[in-house]
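Here the structure comes first, spelled out in structure tokens, and everything after it is commentary.
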Amino acid sequence: MSPESIQRLIADVRRAFHLIDPEAASRPVESGNVRRLLEMYEAVGRSDFVGVVERMTDDVVMTITGTPGHPFNGRWVGRAAVLEAMGRNFAMVDEQEVQIVSVVAQGETVIVIARERGRYRPSGEPYEGEWAQVFGFRGGRLEALREIFSVPNPPGER
């Protein structure tokens, strides 16, 4: 993601979090977890995937479920496996633009719903879809990430 896109994403997440819950700033657990999530998004924007997984528990579980046959689909357990999957998945896309629809935080859970468009590498084929990411925190670290997405055109299916 471009630096401008990641800064827009971060500003939109903050705005959406406070829009749904005007008292968000007074809820330390939820606002702390949203802050941690924003730090991870910032690291993703720098392609610093090591910086992302350093904010995870050792036994983190990442599950991505989406369009059948899409190469992003899978389940990974542990920092090393998540790091490898993140690097592989982000290497497949370019020109990502994310539009935040909603952010909800309750206790140790943060949910982000968004629309996204971009291009697949190396074909340059455009994609557009929607996703929901559910983040579970434990002790200030991410312990679970579940992403559910719908992209009607997986790479190579045009």
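By convention here, the chains of the structure tokens are called A, B, ... in the order presented, each chain's residues are numbered starting at 1, and ligands are numbered starting at 1 in the order presented.
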Just list as a VMD selection string whatever in stretch 12-110 of chain A DSSP marks as strand (DSSP E or B). chain A and resid 56 to 65 74 to 77 93 to 106 109 to 110
Only N, CA and C atoms, please: the residues just picked out, written as a CSV table (one decimal), in the first residue's frame.
```csv
chain,number,residue,atom,x,y,z
A,56,MET,N,2.2,-10.1,18.0
A,56,MET,CA,1.3,-11.2,18.1
A,56,MET,C,1.8,-12.2,19.2
A,57,THR,N,0.8,-13.0,19.7
A,57,THR,CA,1.2,-14.1,20.6
A,57,THR,C,2.0,-15.1,19.9
A,58,ASP,N,2.8,-15.9,20.6
A,58,ASP,CA,3.6,-17.0,19.9
A,58,ASP,C,2.6,-18.0,19.2
A,59,ASP,N,1.4,-18.2,19.8
A,59,ASP,CA,0.5,-19.2,19.2
A,59,ASP,C,-0.6,-18.6,18.4
A,60,VAL,N,-0.4,-17.4,17.8
A,60,VAL,CA,-1.4,-16.7,17.0
A,60,VAL,C,-1.9,-17.7,16.0
A,61,VAL,N,-3.2,-17.5,15.7
A,61,VAL,CA,-3.9,-18.2,14.6
A,61,VAL,C,-4.5,-17.2,13.6
A,62,MET,N,-4.1,-17.3,12.3
A,62,MET,CA,-4.7,-16.5,11.3
A,62,MET,C,-5.4,-17.4,10.3
A,63,THR,N,-6.7,-17.0,10.1
A,63,THR,CA,-7.5,-17.8,9.2
A,63,THR,C,-8.1,-16.8,8.2
A,64,ILE,N,-8.0,-17.2,6.9
A,64,ILE,CA,-8.6,-16.3,5.8
A,64,ILE,C,-9.5,-17.2,5.0
A,65,THR,N,-10.7,-16.8,4.9
A,65,THR,CA,-11.7,-17.6,4.2
A,65,THR,C,-12.4,-16.6,3.2
A,74,GLY,N,-6.7,-19.9,3.8
A,74,GLY,CA,-5.8,-20.8,4.5
A,74,GLY,C,-5.9,-20.5,6.0
A,75,ARG,N,-5.2,-21.4,6.8
A,75,ARG,CA,-5.1,-21.2,8.2
A,75,ARG,C,-3.7,-21.4,8.6
A,76,TRP,N,-3.1,-20.5,9.4
A,76,TRP,CA,-1.8,-20.6,9.8
A,76,TRP,C,-1.7,-20.4,11.3
A,77,VAL,N,-0.8,-21.2,12.0
A,77,VAL,CA,-0.6,-21.1,13.4
A,77,VAL,C,0.8,-20.8,13.7
A,93,VAL,N,-0.6,-8.5,-4.5
A,93,VAL,CA,-1.4,-7.4,-4.8
A,93,VAL,C,-0.6,-6.1,-4.9
A,94,ASP,N,-1.2,-5.2,-5.6
A,94,ASP,CA,-0.6,-3.8,-5.7
A,94,ASP,C,-1.7,-2.8,-5.8
A,95,GLU,N,-1.4,-1.6,-5.6
A,95,GLU,CA,-2.3,-0.4,-5.7
A,95,GLU,C,-3.6,-0.6,-4.9
A,96,GLN,N,-3.4,-1.2,-3.7
A,96,GLN,CA,-4.5,-1.4,-2.8
A,96,GLN,C,-5.1,-0.1,-2.3
A,97,GLU,N,-6.4,0.0,-2.4
A,97,GLU,CA,-7.2,1.2,-1.8
A,97,GLU,C,-8.3,0.6,-1.0
A,98,VAL,N,-8.3,0.9,0.3
A,98,VAL,CA,-9.2,0.4,1.2
A,98,VAL,C,-10.2,1.5,1.7
A,99,GLN,N,-11.5,1.2,1.7
A,99,GLN,CA,-12.5,2.1,2.2
A,99,GLN,C,-13.1,1.4,3.4
A,100,ILE,N,-12.9,2.0,4.6
A,100,ILE,CA,-13.5,1.5,5.8
A,100,ILE,C,-15.0,1.7,5.9
A,101,VAL,N,-15.7,0.7,6.2
A,101,VAL,CA,-17.2,0.7,6.3
A,101,VAL,C,-17.5,0.9,7.8
A,102,SER,N,-16.9,0.1,8.7
A,102,SER,CA,-17.3,0.1,10.1
A,102,SER,C,-16.1,-0.5,10.9
A,103,VAL,N,-16.0,0.0,12.1
A,103,VAL,CA,-15.1,-0.5,13.1
A,103,VAL,C,-15.9,-0.7,14.4
A,104,VAL,N,-15.8,-1.9,15.0
A,104,VAL,CA,-16.5,-2.1,16.3
A,104,VAL,C,-15.4,-2.8,17.2
A,105,ALA,N,-15.4,-2.3,18.4
A,105,ALA,CA,-14.5,-2.9,19.4
A,105,ALA,C,-15.3,-3.1,20.7
A,106,GLN,N,-15.1,-4.4,21.2
A,106,GLN,CA,-15.8,-4.7,22.4
A,106,GLN,C,-14.9,-5.6,23.2
A,109,THR,N,-11.9,-7.8,21.4
A,109,THR,CA,-12.2,-8.0,20.0
A,109,THR,C,-12.4,-6.7,19.3
A,110,VAL,N,-11.8,-6.6,18.1
A,110,VAL,CA,-11.9,-5.5,17.2
A,110,VAL,C,-12.4,-6.1,15.9
```
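With only C-alpha atoms as the atoms that count, the minimum distance from A:Pro68 to the choices A:Gly32, A:Pro152, A:Pro122, A:Gly140 is reached by A:Pro152.
Using only C-alpha atoms, the residues found no farther than 6 Å from A:Gly136, other than those of its own chain fewer than 4 positions away, are Glu108, Thr109, Leu142, Glu143 and Ala144 of chain A.
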Got time to write the residues from that selection, C-alpha atoms, as a PDB file, in the first residue's frame?
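For reference, selection_33.pdb as written:
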```
ATOM      1  CA  GLU A 108     -10.606  -7.941  23.490  1.00  0.00           C
ATOM      2  CA  THR A 109     -12.235  -8.030  20.028  1.00  0.00           C
ATOM      3  CA  LEU A 142      -2.943 -10.266  18.804  1.00  0.00           C
ATOM      4  CA  GLU A 143      -3.836 -13.922  19.335  1.00  0.00           C
ATOM      5  CA  ALA A 144      -6.299 -14.477  16.496  1.00  0.00           C
TER       6      ALA A 144
END
```
So which one's closest to A:Ser150, A:Asp12, A:Glu125, A:Glu116, A:Glu4? Using only C-alpha atoms, please.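 Checking each candidate against A:Ser150, we get A:Glu116 as the closest.
For the set A:Pro22, A:Gly124, A:Gly87, A:Gly45, the residue with the smallest atom-to-atom gap to A:Ser2 is A:Gly45, counting only C-alpha atoms.
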Near A:Glu39, within 12 Å and counting only C-alpha atoms, which residues show up once chain neighbours fewer than 6 positions away are dropped, as a ChimeraX atom specification? /A:6-7,9-10,13-14,32-33,45-46,48-49,51-56,141-142
Pick out each residue of chain A that DSSP on the backbone tags as alpha helix (DSSP H); I need them as a JSON list (two decimals) with N, CA and C atoms, in the first residue's frame.
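Dumped everything to states.json:
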```json
[["chain", "number", "residue", "atom", "x", "y", "z"],
["A", 3, "PRO", "N", 2.09, 5.00, 0.99],
["A", 3, "PRO", "CA", 2.05, 5.72, 2.28],
["A", 3, "PRO", "C", 0.76, 6.54, 2.44],
["A", 4, "GLU", "N", 0.29, 7.13, 1.34],
["A", 4, "GLU", "CA", -0.95, 7.91, 1.40],
["A", 4, "GLU", "C", -2.14, 7.01, 1.71],
["A", 5, "SER", "N", -2.18, 5.84, 1.08],
["A", 5, "SER", "CA", -3.29, 4.91, 1.30],
["A", 5, "SER", "C", -3.31, 4.40, 2.73],
["A", 6, "ILE", "N", -2.15, 4.08, 3.28],
["A", 6, "ILE", "CA", -2.12, 3.56, 4.65],
["A", 6, "ILE", "C", -2.50, 4.65, 5.64],
["A", 7, "GLN", "N", -2.08, 5.89, 5.41],
["A", 7, "GLN", "CA", -2.46, 6.99, 6.31],
["A", 7, "GLN", "C", -3.96, 7.25, 6.25],
["A", 8, "ARG", "N", -4.54, 7.15, 5.05],
["A", 8, "ARG", "CA", -5.98, 7.31, 4.90],
["A", 8, "ARG", "C", -6.72, 6.17, 5.62],
["A", 9, "LEU", "N", -6.21, 4.94, 5.49],
["A", 9, "LEU", "CA", -6.79, 3.79, 6.16],
["A", 9, "LEU", "C", -6.79, 4.00, 7.67],
["A", 10, "ILE", "N", -5.68, 4.43, 8.22],
["A", 10, "ILE", "CA", -5.55, 4.64, 9.66],
["A", 10, "ILE", "C", -6.50, 5.73, 10.14],
["A", 11, "ALA", "N", -6.56, 6.83, 9.41],
["A", 11, "ALA", "CA", -7.47, 7.92, 9.78],
["A", 11, "ALA", "C", -8.92, 7.45, 9.72],
["A", 12, "ASP", "N", -9.25, 6.65, 8.70],
["A", 12, "ASP", "CA", -10.62, 6.15, 8.55],
["A", 12, "ASP", "C", -10.99, 5.16, 9.66],
["A", 13, "VAL", "N", -10.04, 4.32, 10.08],
["A", 13, "VAL", "CA", -10.31, 3.39, 11.18],
["A", 13, "VAL", "C", -10.58, 4.19, 12.46],
["A", 14, "ARG", "N", -9.75, 5.16, 12.74],
["A", 14, "ARG", "CA", -9.95, 6.00, 13.95],
["A", 14, "ARG", "C", -11.33, 6.67, 13.91],
["A", 15, "ARG", "N", -11.63, 7.26, 12.77],
["A", 15, "ARG", "CA", -12.90, 7.97, 12.62],
["A", 15, "ARG", "C", -14.08, 7.02, 12.80],
["A", 16, "ALA", "N", -14.02, 5.86, 12.16],
["A", 16, "ALA", "CA", -15.12, 4.89, 12.25],
["A", 16, "ALA", "C", -15.28, 4.36, 13.68],
["A", 17, "PHE", "N", -14.18, 4.13, 14.37],
["A", 17, "PHE", "CA", -14.25, 3.64, 15.75],
["A", 17, "PHE", "C", -14.97, 4.65, 16.64],
["A", 18, "HIS", "N", -14.64, 5.91, 16.50],
["A", 18, "HIS", "CA", -15.26, 6.95, 17.32],
["A", 18, "HIS", "C", -16.68, 7.28, 16.85],
["A", 19, "LEU", "N", -16.98, 7.06, 15.59],
["A", 19, "LEU", "CA", -18.32, 7.33, 15.07],
["A", 19, "LEU", "C", -19.34, 6.37, 15.68],
["A", 20, "ILE", "N", -19.00, 5.09, 15.74],
["A", 20, "ILE", "CA", -19.92, 4.10, 16.29],
["A", 20, "ILE", "C", -20.03, 4.24, 17.80],
["A", 28, "PRO", "N", -10.58, 2.12, 27.96],
["A", 28, "PRO", "CA", -9.16, 1.84, 27.77],
["A", 28, "PRO", "C", -8.85, 0.51, 27.08],
["A", 29, "VAL", "N", -9.59, -0.53, 27.34],
["A", 29, "VAL", "CA", -9.30, -1.82, 26.70],
["A", 29, "VAL", "C", -9.53, -1.72, 25.20],
["A", 30, "GLU", "N", -10.70, -1.23, 24.83],
["A", 30, "GLU", "CA", -11.05, -1.15, 23.42],
["A", 30, "GLU", "C", -10.16, -0.16, 22.67],
["A", 31, "SER", "N", -9.97, 1.03, 23.23],
["A", 31, "SER", "CA", -9.14, 2.03, 22.54],
["A", 31, "SER", "C", -7.69, 1.56, 22.46],
["A", 32, "GLY", "N", -7.21, 0.83, 23.47],
["A", 32, "GLY", "CA", -5.86, 0.28, 23.42],
["A", 32, "GLY", "C", -5.71, -0.76, 22.32],
["A", 33, "ASN", "N", -6.73, -1.61, 22.17],
["A", 33, "ASN", "CA", -6.67, -2.62, 21.11],
["A", 33, "ASN", "C", -6.77, -2.00, 19.72],
["A", 34, "VAL", "N", -7.58, -0.97, 19.57],
["A", 34, "VAL", "CA", -7.63, -0.27, 18.27],
["A", 34, "VAL", "C", -6.29, 0.38, 17.99],
["A", 35, "ARG", "N", -5.66, 0.97, 19.01],
["A", 35, "ARG", "CA", -4.34, 1.57, 18.82],
["A", 35, "ARG", "C", -3.33, 0.50, 18.38],
["A", 36, "ARG", "N", -3.37, -0.67, 19.01],
["A", 36, "ARG", "CA", -2.46, -1.76, 18.62],
["A", 36, "ARG", "C", -2.71, -2.19, 17.17],
["A", 37, "LEU", "N", -3.98, -2.27, 16.81],
["A", 37, "LEU", "CA", -4.32, -2.64, 15.44],
["A", 37, "LEU", "C", -3.77, -1.60, 14.45],
["A", 38, "LEU", "N", -3.91, -0.33, 14.78],
["A", 38, "LEU", "CA", -3.39, 0.72, 13.90],
["A", 38, "LEU", "C", -1.87, 0.63, 13.76],
["A", 39, "GLU", "N", -1.18, 0.27, 14.84],
["A", 39, "GLU", "CA", 0.27, 0.07, 14.75],
["A", 39, "GLU", "C", 0.60, -1.06, 13.79],
["A", 40, "MET", "N", -0.21, -2.11, 13.81],
["A", 40, "MET", "CA", 0.02, -3.22, 12.87],
["A", 40, "MET", "C", -0.27, -2.80, 11.44],
["A", 41, "TYR", "N", -1.36, -2.05, 11.23],
["A", 41, "TYR", "CA", -1.65, -1.56, 9.88],
["A", 41, "TYR", "C", -0.50, -0.66, 9.38],
["A", 42, "GLU", "N", 0.02, 0.19, 10.26],
["A", 42, "GLU", "CA", 1.16, 1.04, 9.87],
["A", 42, "GLU", "C", 2.35, 0.19, 9.45],
["A", 43, "ALA", "N", 2.63, -0.87, 10.20],
["A", 43, "ALA", "CA", 3.75, -1.76, 9.86],
["A", 43, "ALA", "C", 3.49, -2.45, 8.52],
["A", 44, "VAL", "N", 2.26, -2.87, 8.27],
["A", 44, "VAL", "CA", 1.92, -3.46, 6.96],
["A", 44, "VAL", "C", 2.19, -2.45, 5.86],
["A", 45, "GLY", "N", 1.83, -1.20, 6.10],
["A", 45, "GLY", "CA", 2.06, -0.16, 5.10],
["A", 45, "GLY", "C", 3.53, 0.05, 4.76],
["A", 49, "PHE", "N", 6.47, -6.81, 7.92],
["A", 49, "PHE", "CA", 5.66, -7.91, 8.43],
["A", 49, "PHE", "C", 6.26, -8.50, 9.70],
["A", 50, "VAL", "N", 7.56, -8.39, 9.88],
["A", 50, "VAL", "CA", 8.18, -8.81, 11.14],
["A", 50, "VAL", "C", 7.65, -7.94, 12.27],
["A", 51, "GLY", "N", 7.53, -6.64, 12.02],
["A", 51, "GLY", "CA", 6.97, -5.73, 13.02],
["A", 51, "GLY", "C", 5.53, -6.06, 13.36],
["A", 52, "VAL", "N", 4.80, -6.60, 12.40],
["A", 52, "VAL", "CA", 3.42, -7.01, 12.66],
["A", 52, "VAL", "C", 3.41, -8.23, 13.57],
["A", 53, "VAL", "N", 4.15, -9.27, 13.20],
["A", 53, "VAL", "CA", 4.09, -10.51, 13.98],
["A", 53, "VAL", "C", 4.72, -10.35, 15.37],
["A", 79, "ARG", "N", 3.76, -17.50, 14.82],
["A", 79, "ARG", "CA", 4.30, -16.29, 14.18],
["A", 79, "ARG", "C", 4.99, -16.57, 12.86],
["A", 80, "ALA", "N", 5.82, -17.61, 12.80],
["A", 80, "ALA", "CA", 6.57, -17.90, 11.57],
["A", 80, "ALA", "C", 5.63, -18.19, 10.41],
["A", 81, "ALA", "N", 4.60, -18.99, 10.65],
["A", 81, "ALA", "CA", 3.66, -19.34, 9.58],
["A", 81, "ALA", "C", 2.86, -18.12, 9.14],
["A", 82, "VAL", "N", 2.44, -17.28, 10.11],
["A", 82, "VAL", "CA", 1.69, -16.08, 9.78],
["A", 82, "VAL", "C", 2.57, -15.10, 9.00],
["A", 83, "LEU", "N", 3.81, -14.96, 9.40],
["A", 83, "LEU", "CA", 4.75, -14.08, 8.70],
["A", 83, "LEU", "C", 4.90, -14.52, 7.24],
["A", 84, "GLU", "N", 5.09, -15.81, 7.02],
["A", 84, "GLU", "CA", 5.24, -16.32, 5.66],
["A", 84, "GLU", "C", 3.98, -16.06, 4.83],
["A", 85, "ALA", "N", 2.81, -16.32, 5.40],
["A", 85, "ALA", "CA", 1.55, -16.12, 4.68],
["A", 85, "ALA", "C", 1.32, -14.64, 4.36],
["A", 86, "MET", "N", 1.60, -13.76, 5.30],
["A", 86, "MET", "CA", 1.43, -12.33, 5.05],
["A", 86, "MET", "C", 2.32, -11.85, 3.92],
["A", 87, "GLY", "N", 3.58, -12.24, 3.96],
["A", 87, "GLY", "CA", 4.50, -11.84, 2.89],
["A", 87, "GLY", "C", 4.04, -12.33, 1.54],
["A", 88, "ARG", "N", 3.61, -13.59, 1.48],
["A", 88, "ARG", "CA", 3.15, -14.18, 0.22],
["A", 88, "ARG", "C", 1.89, -13.47, -0.28],
["A", 89, "ASN", "N", 0.92, -13.26, 0.61],
["A", 89, "ASN", "CA", -0.34, -12.65, 0.19],
["A", 89, "ASN", "C", -0.17, -11.21, -0.27],
["A", 90, "PHE", "N", 0.56, -10.42, 0.49],
["A", 90, "PHE", "CA", 0.75, -9.02, 0.09],
["A", 90, "PHE", "C", 1.60, -8.89, -1.17],
["A", 91, "ALA", "N", 2.45, -9.87, -1.45],
["A", 91, "ALA", "CA", 3.25, -9.84, -2.68],
["A", 91, "ALA", "C", 2.38, -10.06, -3.92]]
```
How many Å lie between atom CA of A:Phe149 and atom CA of A:Gly129, rounded to one decimal? 7.2 Å
